[in-house]
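Raw entry.cif, mmCIF, C-alpha atoms and all ligand atoms:
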data_input
#
loop_
_atom_site.label_atom_id
_atom_site.label_comp_id
_atom_site.auth_asym_id
_atom_site.auth_seq_id
_atom_site.Cartn_x
_atom_site.Cartn_y
_atom_site.Cartn_z
CA MET E 9 -16.43 -11.23 3.46
CA ASP E 10 -13.63 -10.73 5.96
CA GLU E 11 -10.11 -9.43 5.32
CA LEU E 12 -8.62 -12.88 4.75
CA GLN E 13 -11.12 -13.64 1.98
CA VAL E 14 -10.15 -10.67 -0.18
CA TYR E 15 -7.33 -12.57 -1.86
CA ALA E 16 -9.72 -15.34 -2.93
CA ALA E 17 -12.00 -12.67 -4.43
CA VAL E 18 -9.41 -10.69 -6.42
CA GLY E 19 -6.40 -13.01 -6.80
CA SER E 20 -2.79 -12.02 -7.23
CA GLN E 21 -3.82 -10.36 -10.51
CA GLY E 22 -6.11 -8.02 -8.62
CA PHE E 23 -3.26 -6.90 -6.37
CA GLU E 24 -1.00 -6.60 -9.40
CA ARG E 25 -3.49 -4.24 -11.06
CA LEU E 26 -3.80 -2.27 -7.82
CA THR E 27 -0.12 -1.77 -7.06
CA ALA E 28 0.72 -1.10 -10.74
CA ALA E 29 -1.97 1.60 -10.83
CA PHE E 30 -0.65 3.10 -7.57
CA TYR E 31 3.03 3.15 -8.55
CA ARG E 32 2.27 4.51 -12.03
CA GLN E 33 1.19 7.72 -10.28
CA VAL E 34 4.09 7.96 -7.81
CA PRO E 35 7.04 9.29 -9.88
CA GLY E 36 5.09 12.31 -11.16
CA ASP E 37 3.47 13.14 -7.83
CA ASP E 38 4.63 16.43 -6.32
CA VAL E 39 4.26 15.21 -2.70
CA LEU E 40 5.15 11.51 -2.84
CA GLY E 41 7.49 11.37 -5.83
CA ARG E 42 10.59 12.46 -3.93
CA LEU E 43 10.01 10.01 -1.05
CA TYR E 44 10.22 6.83 -3.11
CA PRO E 45 13.45 5.28 -4.47
CA ALA E 46 13.55 6.39 -8.14
CA HIS E 47 16.04 3.61 -8.96
CA ASP E 48 13.90 0.86 -7.44
CA LEU E 49 10.24 1.64 -8.00
CA ALA E 50 9.71 -1.84 -9.43
CA GLY E 51 11.10 -3.31 -6.20
CA ALA E 52 8.91 -1.01 -4.10
CA GLU E 53 5.88 -2.05 -6.15
CA GLN E 54 6.68 -5.71 -5.58
CA ARG E 55 7.14 -5.24 -1.81
CA LEU E 56 3.76 -3.53 -1.46
CA ARG E 57 2.06 -6.13 -3.67
CA ASP E 58 3.52 -9.09 -1.77
CA PHE E 59 2.62 -7.47 1.55
CA LEU E 60 -1.00 -6.92 0.50
CA ILE E 61 -1.33 -10.45 -0.88
CA TYR E 62 -0.12 -11.82 2.46
CA ARG E 63 -2.22 -9.41 4.55
CA PHE E 64 -5.44 -10.26 2.71
CA GLY E 65 -5.17 -14.02 2.90
CA GLY E 66 -2.82 -15.04 0.07
CA PRO E 67 0.64 -16.68 0.05
CA ALA E 68 3.14 -15.34 2.63
CA THR E 69 5.92 -14.57 0.15
CA TYR E 70 6.35 -11.14 1.75
CA ILE E 71 7.11 -12.67 5.16
CA GLU E 72 9.54 -15.18 3.66
CA GLN E 73 11.49 -12.41 1.94
CA ARG E 74 11.15 -9.47 4.32
CA GLY E 75 10.33 -10.97 7.73
CA HIS E 76 7.88 -9.35 10.12
CA PRO E 77 6.39 -6.28 8.39
CA ARG E 78 7.04 -3.75 11.23
CA LEU E 79 5.65 -1.13 8.89
CA ARG E 80 5.81 1.85 11.23
CA MET E 81 9.48 1.17 11.82
CA ARG E 82 10.16 0.70 8.11
CA HIS E 83 8.48 4.03 7.38
CA ALA E 84 10.44 5.93 10.02
CA PRO E 85 13.07 7.18 7.50
CA PHE E 86 10.32 8.90 5.47
CA ALA E 87 8.76 12.11 6.77
CA ILE E 88 5.05 11.31 6.76
CA GLY E 89 2.69 14.07 7.92
CA GLN E 90 -1.02 14.57 7.26
CA ARG E 91 -0.28 15.85 3.74
CA GLU E 92 1.72 12.79 2.74
CA ARG E 93 -0.87 10.51 4.35
CA ASP E 94 -3.76 12.15 2.52
CA ARG E 95 -1.96 12.05 -0.81
CA TRP E 96 -1.09 8.37 -0.38
CA VAL E 97 -4.75 7.60 0.30
CA GLN E 98 -5.83 9.71 -2.68
CA LEU E 99 -3.50 7.90 -5.10
CA MET E 100 -4.58 4.57 -3.66
CA ASP E 101 -8.28 5.49 -4.06
CA ARG E 102 -7.63 6.17 -7.74
CA ALA E 103 -5.73 2.91 -8.05
CA LEU E 104 -8.65 1.08 -6.43
CA GLU E 105 -11.05 2.52 -9.01
CA GLU E 106 -8.76 1.35 -11.77
CA ALA E 107 -8.24 -2.13 -10.31
CA ALA E 108 -12.02 -2.69 -10.31
CA PHE E 109 -12.33 -4.99 -7.29
CA PRO E 110 -15.75 -6.39 -6.41
CA GLU E 111 -17.54 -3.81 -4.26
CA GLU E 112 -17.13 -5.51 -0.89
CA ALA E 113 -13.47 -6.33 -1.43
CA GLN E 114 -12.90 -2.70 -2.37
CA ARG E 115 -14.63 -1.47 0.78
CA ILE E 116 -12.56 -3.75 3.04
CA VAL E 117 -9.25 -2.82 1.43
CA ARG E 118 -10.08 0.91 1.40
CA GLU E 119 -10.93 0.88 5.11
CA PHE E 120 -7.67 -0.90 5.88
CA PHE E 121 -5.66 1.64 3.86
CA GLY E 122 -7.28 4.61 5.60
CA GLY E 123 -6.45 3.29 9.07
CA MET E 124 -2.95 2.10 8.22
CA ALA E 125 -2.06 5.35 6.47
CA THR E 126 -3.04 7.34 9.57
CA PHE E 127 -0.96 4.94 11.69
CA MET E 128 2.10 5.67 9.47
CA ILE E 129 2.09 9.38 10.34
CA ASN E 130 5.40 10.05 12.08
CA ARG E 131 5.79 13.83 11.83
CA PRO E 132 3.63 16.69 13.17
CA ALA E 133 1.47 18.41 10.55
C1 LIG D 201 0.92 7.25 4.66
C2 LIG D 201 1.64 7.45 3.60
C3 LIG D 201 2.74 6.51 3.14
C4 LIG D 201 3.92 6.89 2.59
C5 LIG D 201 4.35 8.33 2.30
C6 LIG D 201 4.68 5.68 2.32
C7 LIG D 201 5.94 5.65 1.77
C8 LIG D 201 6.71 4.54 1.60
C9 LIG D 201 8.04 4.52 1.08
C10 LIG D 201 8.80 5.77 0.61
C11 LIG D 201 8.46 3.24 1.06
C12 LIG D 201 9.82 2.71 0.57
C13 LIG D 201 9.62 2.07 -0.75
C14 LIG D 201 10.35 0.75 -0.85
O1 LIG D 201 9.78 -0.30 -0.50
O2 LIG D 201 11.51 0.78 -1.29
C15 LIG D 201 7.39 2.43 1.58
C16 LIG D 201 7.46 1.07 1.75
C17 LIG D 201 6.39 0.30 2.09
N1 LIG D 201 5.14 0.73 2.41
FE1 LIG D 201 4.55 2.65 2.57
N2 LIG D 201 3.96 4.60 2.70
C18 LIG D 201 2.76 5.05 3.20
C19 LIG D 201 1.74 4.27 3.67
C20 LIG D 201 1.70 2.90 3.62
C21 LIG D 201 0.56 2.08 3.96
C22 LIG D 201 -0.79 2.62 4.43
C23 LIG D 201 0.94 0.79 3.77
C24 LIG D 201 0.16 -0.47 3.98
C25 LIG D 201 -0.98 -0.66 3.48
C26 LIG D 201 2.30 0.79 3.31
C27 LIG D 201 3.03 -0.34 3.00
C28 LIG D 201 4.34 -0.36 2.66
C29 LIG D 201 5.14 -1.56 2.48
C30 LIG D 201 4.65 -2.99 2.65
C31 LIG D 201 6.43 -1.15 2.15
C32 LIG D 201 7.64 -2.06 1.93
C33 LIG D 201 8.26 -2.35 3.30
C34 LIG D 201 9.50 -3.22 3.19
O3 LIG D 201 9.36 -4.46 3.18
O4 LIG D 201 10.59 -2.66 3.10
N3 LIG D 201 2.73 2.08 3.22
N4 LIG D 201 6.34 3.24 1.90
#

Could the structure of this file be written out as structure tokens, please?
Ligand code: HEM
Amino acid sequence: MDELQVYAAVGSQGFERLTAAFYRQVPGDDVLGRLYPAHDLAGAEQRLRDFLIYRFGGPATYIEQRGHPRLRMRHAPFAIGQRERDRWVQLMDRALEEAAFPEEAQRIVREFFGGMATFMINRPA
């Protein structure tokens, strides 16, 4: 399976389970909670879900609505150091367990998250 086949394996429902499980943990998280927009968590959840659906071979709704992802630039307003990166990955690992993807799809998505999360670091430790 390659990255673009993940969507066929888990469907939009798989990514819905994943992002719902991730964002359920965010408001109460002592590291990440204050970074996210409390008034628009549902919107944030939808942006991440649409991005992932597009990135893993599904419909490009994210691109239609948000344009080129430019994720490092979009994360620049948020102070992301090693601690924030590691916590993001930890919450996403838990969400992945809950979303119950087929094993190979889970491995591909987890590897992508690890690399991307490191790439988002924009502050010294
Ligand atoms: C490393 C730790 C990370 C932190 C602390 C973080 C934090 C945030 C915050 C606070 C937002 C704004 C929420 C909103 O959309 O209103 C956001 C947006 C977003 N993040 Fe992250 N993020 C991290 C890593 C990642 C990774 C690894 C990905 C990709 C897999 C990602 C994908 C996105 C996307 C797609 C958006 C919406 C961008 C847009 O269209 O505006 N983030 N992130």

**Prompt:** So which residues touch range 83-88 of chain E within 6 Å, counting all atoms listed in the file, skipping near sequence neighbours fewer than 3 positions away, as a PyMOL selection string?
**Reply:** chain E and resi 80+92+129-131

**Request:** Around ligand LIG 201 (chain D), at most 9 Å away and counting only C-alpha atoms and all ligand atoms, which residues are there? Put them as a ChimeraX atom specification, please.
**Result:** /E:39-45,48-60,63,70-71,73-80,82-83,85-97,117,120-129

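Pairwise distance (CA of Asp38 in chain E, CA of Gln21 in chain E) equals 28.4 Å.
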
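Residues surrounding Pro110 in chain E within 10 Å are Val14, Ala17, Val18 and Arg115 of chain E [all atoms listed in the file; sequence separation below 5 positions excluded].
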
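Proximity to Glu24 in chain E was assessed for E:Asp101, E:Glu111, E:Glu106, E:Asp10 counting all atoms listed in the file; the smallest distance is recorded for E:Glu106.
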
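Among the candidate residues E:Phe64, E:Met9, E:Ala28, E:Glu72, the one lying nearest to Arg102 in chain E is E:Ala28, with distances computed using only C-alpha atoms.
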
**Message:** If I take CA of Glu105 in chain E and CA of Ala68 in chain E, how far is one from the other in Å, to one decimal?
**Reply:** 25.6 Å

**Message:** Let me make sure I understand: among E:Leu104, E:Arg25, E:Met81, E:Ser20, which one has the smallest atom-to-atom distance to Pro67 in chain E if we use only C-alpha atoms?
**Reply:** E:Ser20

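Atom to atom, CA of Gln33 in chain E and CA of Ala108 in chain E stand 16.8 Å apart.
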